[in-house]
>>> print(open('target.pdb').read())   # PDB, C-alpha atoms, pLDDT in the B column
MODEL        1
ATOM      1  CA  MET A   1     -20.297  25.188 -46.154  1.00 56.00           C
ATOM      2  CA  THR A   2     -21.584  24.453 -42.666  1.00 62.00           C
ATOM      3  CA  HIS A   3     -19.953  21.993 -40.375  1.00 58.00           C
ATOM      4  CA  PRO A   4     -22.070  19.630 -38.321  1.00 60.00           C
ATOM      5  CA  LYS A   5     -22.144  20.344 -34.601  1.00 61.00           C
ATOM      6  CA  PRO A   6     -20.158  17.926 -32.487  1.00 54.00           C
ATOM      7  CA  PRO A   7     -22.355  15.615 -30.436  1.00 56.00           C
ATOM      8  CA  ARG A   8     -23.034  16.736 -26.875  1.00 62.00           C
ATOM      9  CA  VAL A   9     -21.311  14.681 -24.242  1.00 53.00           C
ATOM     10  CA  SER A  10     -22.887  14.452 -20.818  1.00 56.00           C
ATOM     11  CA  ALA A  11     -20.800  15.088 -17.730  1.00 52.00           C
ATOM     12  CA  ARG A  12     -21.295  11.450 -16.728  1.00 54.00           C
ATOM     13  CA  ALA A  13     -19.999  10.188 -20.090  1.00 54.00           C
ATOM     14  CA  ALA A  14     -17.040  12.566 -19.930  1.00 51.00           C
ATOM     15  CA  GLY A  15     -16.255  11.285 -16.430  1.00 51.00           C
ATOM     16  CA  ARG A  16     -16.372   7.684 -17.644  1.00 49.00           C
ATOM     17  CA  ARG A  17     -14.004   8.509 -20.491  1.00 50.00           C
ATOM     18  CA  ALA A  18     -11.610  10.133 -18.031  1.00 46.00           C
ATOM     19  CA  LEU A  19     -11.736   7.064 -15.775  1.00 42.00           C
ATOM     20  CA  LEU A  20     -11.061   4.779 -18.724  1.00 43.00           C
ATOM     21  CA  CYS A  21      -8.066   6.869 -19.780  1.00 42.00           C
ATOM     22  CA  TRP A  22      -6.527   7.065 -16.301  1.00 42.00           C
ATOM     23  CA  PRO A  23      -4.914   3.578 -16.298  1.00 44.00           C
ATOM     24  CA  LEU A  24      -3.370   4.287 -19.693  1.00 39.00           C
ATOM     25  CA  LEU A  25      -1.908   7.566 -18.425  1.00 38.00           C
ATOM     26  CA  VAL A  26      -0.467   5.818 -15.363  1.00 39.00           C
ATOM     27  CA  LEU A  27       1.044   3.127 -17.583  1.00 40.00           C
ATOM     28  CA  LEU A  28       2.547   5.715 -19.927  1.00 39.00           C
ATOM     29  CA  ALA A  29       3.949   7.682 -16.996  1.00 42.00           C
ATOM     30  CA  GLY A  30       5.569   4.497 -15.687  1.00 44.00           C
ATOM     31  CA  CYS A  31       7.070   3.742 -19.090  1.00 38.00           C
ATOM     32  CA  SER A  32       8.526   7.208 -19.430  1.00 37.00           C
ATOM     33  CA  ALA A  33      10.138   7.212 -15.999  1.00 40.00           C
ATOM     34  CA  THR A  34      13.856   6.598 -15.977  1.00 39.00           C
ATOM     35  CA  PRO A  35      14.531   3.868 -13.446  1.00 42.00           C
ATOM     36  CA  SER A  36      17.603   4.291 -11.305  1.00 41.00           C
ATOM     37  CA  ALA A  37      20.032   1.418 -10.914  1.00 42.00           C
ATOM     38  CA  ALA A  38      19.428   1.059  -7.169  1.00 45.00           C
ATOM     39  CA  PRO A  39      16.809   3.119  -5.338  1.00 47.00           C
ATOM     40  CA  PRO A  40      18.585   4.972  -2.525  1.00 46.00           C
ATOM     41  CA  ASP A  41      16.245   3.940   0.303  1.00 42.00           C
ATOM     42  CA  LEU A  42      16.023   0.245  -0.544  1.00 50.00           C
ATOM     43  CA  ARG A  43      18.299  -0.871   2.284  1.00 61.00           C
ATOM     44  CA  SER A  44      16.638   1.345   4.867  1.00 88.00           C
ATOM     45  CA  ALA A  45      13.167   0.142   3.818  1.00 91.00           C
ATOM     46  CA  GLN A  46      14.349  -3.465   4.027  1.00 92.00           C
ATOM     47  CA  ALA A  47      15.925  -2.817   7.430  1.00 94.00           C
ATOM     48  CA  LEU A  48      12.705  -1.226   8.672  1.00 95.00           C
ATOM     49  CA  ARG A  49      10.629  -4.170   7.450  1.00 95.00           C
ATOM     50  CA  GLN A  50      12.980  -6.545   9.273  1.00 96.00           C
ATOM     51  CA  GLU A  51      12.836  -4.446  12.443  1.00 96.00           C
ATOM     52  CA  ILE A  52       9.025  -4.417  12.317  1.00 97.00           C
ATOM     53  CA  GLU A  53       8.803  -8.167  11.754  1.00 96.00           C
ATOM     54  CA  THR A  54      11.228  -8.750  14.628  1.00 96.00           C
ATOM     55  CA  ALA A  55       9.176  -6.449  16.899  1.00 97.00           C
ATOM     56  CA  VAL A  56       5.973  -8.314  15.956  1.00 97.00           C
ATOM     57  CA  GLY A  57       7.626 -11.656  16.667  1.00 96.00           C
ATOM     58  CA  ASP A  58       5.279 -14.625  16.799  1.00 96.00           C
ATOM     59  CA  ALA A  59       2.158 -12.419  17.361  1.00 97.00           C
ATOM     60  CA  ALA A  60       0.952 -14.817  20.069  1.00 98.00           C
ATOM     61  CA  CYS A  61      -2.566 -14.251  21.368  1.00 98.00           C
ATOM     62  CA  THR A  62      -5.286 -15.769  23.506  1.00 98.00           C
ATOM     63  CA  SER A  63      -8.229 -13.788  22.053  1.00 97.00           C
ATOM     64  CA  ASP A  64      -9.247 -11.713  19.034  1.00 97.00           C
ATOM     65  CA  ALA A  65      -9.160  -8.584  21.228  1.00 98.00           C
ATOM     66  CA  GLN A  66      -5.348  -8.791  21.314  1.00 98.00           C
ATOM     67  CA  CYS A  67      -4.974  -8.789  17.524  1.00 98.00           C
ATOM     68  CA  ARG A  68      -4.373  -5.678  15.429  1.00 98.00           C
ATOM     69  CA  THR A  69      -3.114  -4.844  11.935  1.00 98.00           C
ATOM     70  CA  LEU A  70      -0.218  -2.619  10.975  1.00 98.00           C
ATOM     71  CA  PRO A  71      -0.012  -0.858   7.582  1.00 97.00           C
ATOM     72  CA  MET A  72       3.209  -1.768   5.790  1.00 97.00           C
ATOM     73  CA  GLY A  73       4.917   0.380   3.161  1.00 94.00           C
ATOM     74  CA  ALA A  74       3.233   2.746   0.743  1.00 92.00           C
ATOM     75  CA  LYS A  75       1.794   2.421  -2.739  1.00 89.00           C
ATOM     76  CA  ALA A  76       2.775   5.096  -5.235  1.00 85.00           C
ATOM     77  CA  CYS A  77      -0.876   6.159  -5.571  1.00 85.00           C
ATOM     78  CA  GLY A  78      -1.423   6.183  -1.806  1.00 87.00           C
ATOM     79  CA  GLY A  79      -2.275   3.767   0.945  1.00 91.00           C
ATOM     80  CA  PRO A  80      -0.249   0.855   2.316  1.00 94.00           C
ATOM     81  CA  GLU A  81       1.130  -2.016   0.251  1.00 93.00           C
ATOM     82  CA  ARG A  82      -0.167  -4.599   2.725  1.00 95.00           C
ATOM     83  CA  TYR A  83      -1.062  -5.174   6.371  1.00 97.00           C
ATOM     84  CA  LEU A  84       0.765  -7.183   9.001  1.00 97.00           C
ATOM     85  CA  PRO A  85      -1.044  -8.794  11.965  1.00 98.00           C
ATOM     86  CA  TRP A  86       0.399  -8.208  15.449  1.00 98.00           C
ATOM     87  CA  SER A  87      -0.526  -8.902  19.059  1.00 98.00           C
ATOM     88  CA  THR A  88      -0.934  -6.360  21.852  1.00 98.00           C
ATOM     89  CA  ALA A  89       0.141  -9.139  24.222  1.00 96.00           C
ATOM     90  CA  ARG A  90       3.598  -9.329  22.615  1.00 91.00           C
ATOM     91  CA  SER A  91       4.357  -5.994  20.929  1.00 97.00           C
ATOM     92  CA  ASP A  92       4.522  -2.276  21.727  1.00 97.00           C
ATOM     93  CA  GLY A  93       1.865  -0.587  19.579  1.00 97.00           C
ATOM     94  CA  ALA A  94       3.428   2.886  19.793  1.00 97.00           C
ATOM     95  CA  ARG A  95       6.797   1.563  18.617  1.00 97.00           C
ATOM     96  CA  LEU A  96       5.196  -0.404  15.772  1.00 98.00           C
ATOM     97  CA  THR A  97       3.223   2.657  14.666  1.00 97.00           C
ATOM     98  CA  ALA A  98       6.379   4.781  14.609  1.00 95.00           C
ATOM     99  CA  LEU A  99       8.271   2.132  12.624  1.00 96.00           C
ATOM    100  CA  SER A 100       5.338   1.796  10.205  1.00 96.00           C
ATOM    101  CA  ARG A 101       5.389   5.547   9.560  1.00 95.00           C
ATOM    102  CA  GLU A 102       9.145   5.446   9.024  1.00 95.00           C
ATOM    103  CA  LEU A 103       8.715   2.619   6.518  1.00 95.00           C
ATOM    104  CA  GLU A 104       6.009   4.578   4.693  1.00 95.00           C
ATOM    105  CA  THR A 105       8.321   7.594   4.451  1.00 93.00           C
ATOM    106  CA  ALA A 106      11.210   5.449   3.194  1.00 93.00           C
ATOM    107  CA  ARG A 107       9.018   3.790   0.549  1.00 92.00           C
ATOM    108  CA  ARG A 108       7.635   7.143  -0.655  1.00 91.00           C
ATOM    109  CA  ALA A 109      11.191   8.498  -1.022  1.00 90.00           C
ATOM    110  CA  GLN A 110      12.203   5.323  -2.859  1.00 89.00           C
ATOM    111  CA  GLN A 111       9.248   5.676  -5.235  1.00 88.00           C
ATOM    112  CA  ARG A 112       9.974   9.355  -5.885  1.00 88.00           C
ATOM    113  CA  GLU A 113      13.614   8.630  -6.678  1.00 86.00           C
ATOM    114  CA  SER A 114      12.890   5.695  -8.967  1.00 84.00           C
ATOM    115  CA  GLY A 115       9.789   7.107 -10.676  1.00 81.00           C
ATOM    116  CA  MET A 116       7.875   4.018  -9.544  1.00 77.00           C
ATOM    117  CA  VAL A 117       4.130   3.793 -10.192  1.00 75.00           C
ATOM    118  CA  SER A 118       1.604   1.322  -8.840  1.00 73.00           C
ATOM    119  CA  ASN A 119      -1.638  -0.228 -10.005  1.00 76.00           C
ATOM    120  CA  CYS A 120      -3.528   2.217  -7.748  1.00 79.00           C
ATOM    121  CA  SER A 121      -5.780  -0.519  -6.396  1.00 84.00           C
ATOM    122  CA  MET A 122      -6.793   0.156  -2.830  1.00 85.00           C
ATOM    123  CA  VAL A 123      -5.603  -2.313  -0.214  1.00 89.00           C
ATOM    124  CA  THR A 124      -8.180  -2.377   2.568  1.00 92.00           C
ATOM    125  CA  ASP A 125      -7.410  -3.289   6.144  1.00 95.00           C
ATOM    126  CA  PRO A 126      -8.594  -6.883   6.526  1.00 96.00           C
ATOM    127  CA  GLY A 127      -8.477  -6.800  10.321  1.00 97.00           C
ATOM    128  CA  ALA A 128      -6.908  -9.522  12.428  1.00 97.00           C
ATOM    129  CA  ARG A 129      -8.106 -12.411  14.558  1.00 97.00           C
ATOM    130  CA  CYS A 130      -6.598 -14.950  16.909  1.00 97.00           C
ATOM    131  CA  ALA A 131      -6.276 -18.374  15.292  1.00 97.00           C
ATOM    132  CA  GLU A 132      -4.500 -21.249  17.003  1.00 96.00           C
ATOM    133  CA  GLY A 133      -2.791 -18.887  19.437  1.00 97.00           C
ATOM    134  CA  ARG A 134      -1.430 -16.504  16.799  1.00 97.00           C
ATOM    135  CA  CYS A 135      -2.769 -13.266  15.269  1.00 98.00           C
ATOM    136  CA  VAL A 136      -3.557 -13.714  11.576  1.00 97.00           C
ATOM    137  CA  LEU A 137      -5.153 -11.504   8.958  1.00 97.00           C
ATOM    138  CA  ARG A 138      -8.831 -11.903   8.261  1.00 95.00           C
ATOM    139  CA  SER A 139      -9.733 -12.275   4.594  1.00 82.00           C
ATOM    140  CA  GLY A 140      -9.718  -9.104   2.492  1.00 61.00           C
ATOM    141  CA  SER A 141      -7.621  -7.224  -0.042  1.00 54.00           C
ATOM    142  CA  GLY A 142      -4.911  -6.473   2.529  1.00 56.00           C
ATOM    143  CA  ALA A 143      -4.668 -10.147   3.472  1.00 52.00           C
ATOM    144  CA  ALA A 144      -2.656 -11.108   0.419  1.00 46.00           C
ATOM    145  CA  SER A 145       1.042 -10.799   0.948  1.00 44.00           C
ATOM    146  CA  SER A 146       2.408  -8.469  -1.683  1.00 41.00           C
ATOM    147  CA  ALA A 147       5.972  -8.156  -2.831  1.00 42.00           C
ATOM    148  CA  TYR A 148       7.620  -4.807  -2.228  1.00 43.00           C
TER     149      TYR A 148
ENDMDL
END
>>> encode(input="target.pdb", output="structure tokens")
Amino acid sequence: MTHPKPPRVSARAAGRRALLCWPLLVLLAGCSATPSAAPPDLRSAQALRQEIETAVGDAACTSDAQCRTLPMGAKACGGPERYLPWSTARSDGARLTALSRELETARRAQQRESGMVSNCSMVTDPGARCAEGRCVLRSGSGAASSAY
């Protein structure tokens, strides 16, 4: 008795199948993770967020050239959780960058400890502009405020 040959699958079709399966694998990994009662870095991440927001202050500006964005946090799959607008006229960029990196490190540790997963959607830097004397985010995927 001869068995029929399995149909040939192109590399492109195999790649599409893999892409379609990826979200399911991420979901299953998230379901199998054992959440801890309280992630160990939650307070430090919250304190860092507060320190950053205090350092940004009112983000006052007189022109678009003074407005920048700061990546905030870290998604489990990579990249920041959101962006925060700030003004070079009011804030120290080097200090904000250092605090942003600290927050990213704290969030990554928190995610590792809790087994947290994310939706893996990329949050792009929306840029910032001066509107009514205050730096605000331009429209884009990073413009939406996301919960941590």
>>> atom_distance(input="target.pdb", atom1="CA of Gln66 in chain A", atom2="CA of Glu53 in chain A")
17.1 Å
>>> closest_residue(input="target.pdb", among="A:Ala60, A:Met122, A:Ala74, A:Ala65", to="Trp86 in chain A", atoms="only C-alpha atoms")
A:Ala60
>>> residues_around(input="target.pdb", residues="Val136 in chain A", least_positions_apart="3", cutoff="12 Å", atoms="all atoms listed in the file", output="PyMOL selection string")
chain A and resi 56+58-61+63-64+66-70+83-87+126-133+139-140+142-145
>>> atom_distance(input="target.pdb", atom1="CA of Thr105 in chain A", atom2="CA of Pro80 in chain A")
11.1 Å
>>> atom_distance(input="target.pdb", atom1="CA of Gly73 in chain A", atom2="CA of Ala89 in chain A")
23.6 Å
>>> resolve_selection(input="target.pdb", expression="the PyMOL selection byres ((chain A and resi 108) around 12)", output="short mmCIF file (atom, residue, chain, number, x, y, z; two decimals) with C-alpha atoms, in the coordinates of the input")
data_model
loop_
_atom_site.label_atom_id
_atom_site.label_comp_id
_atom_site.auth_asym_id
_atom_site.auth_seq_id
_atom_site.Cartn_x
_atom_site.Cartn_y
_atom_site.Cartn_z
CA PRO A 39 16.81 3.12 -5.34
CA PRO A 40 18.58 4.97 -2.52
CA ASP A 41 16.24 3.94 0.30
CA LEU A 42 16.02 0.24 -0.54
CA ALA A 45 13.17 0.14 3.82
CA MET A 72 3.21 -1.77 5.79
CA GLY A 73 4.92 0.38 3.16
CA ALA A 74 3.23 2.75 0.74
CA LYS A 75 1.79 2.42 -2.74
CA ALA A 76 2.78 5.10 -5.24
CA CYS A 77 -0.88 6.16 -5.57
CA GLY A 78 -1.42 6.18 -1.81
CA GLY A 79 -2.28 3.77 0.94
CA PRO A 80 -0.25 0.86 2.32
CA GLU A 81 1.13 -2.02 0.25
CA ARG A 101 5.39 5.55 9.56
CA GLU A 102 9.14 5.45 9.02
CA LEU A 103 8.72 2.62 6.52
CA GLU A 104 6.01 4.58 4.69
CA THR A 105 8.32 7.59 4.45
CA ALA A 106 11.21 5.45 3.19
CA ARG A 107 9.02 3.79 0.55
CA ALA A 109 11.19 8.50 -1.02
CA GLN A 110 12.20 5.32 -2.86
CA GLN A 111 9.25 5.68 -5.24
CA ARG A 112 9.97 9.36 -5.88
CA GLU A 113 13.61 8.63 -6.68
CA SER A 114 12.89 5.70 -8.97
CA GLY A 115 9.79 7.11 -10.68
CA MET A 116 7.88 4.02 -9.54
CA VAL A 117 4.13 3.79 -10.19
CA SER A 118 1.60 1.32 -8.84
#
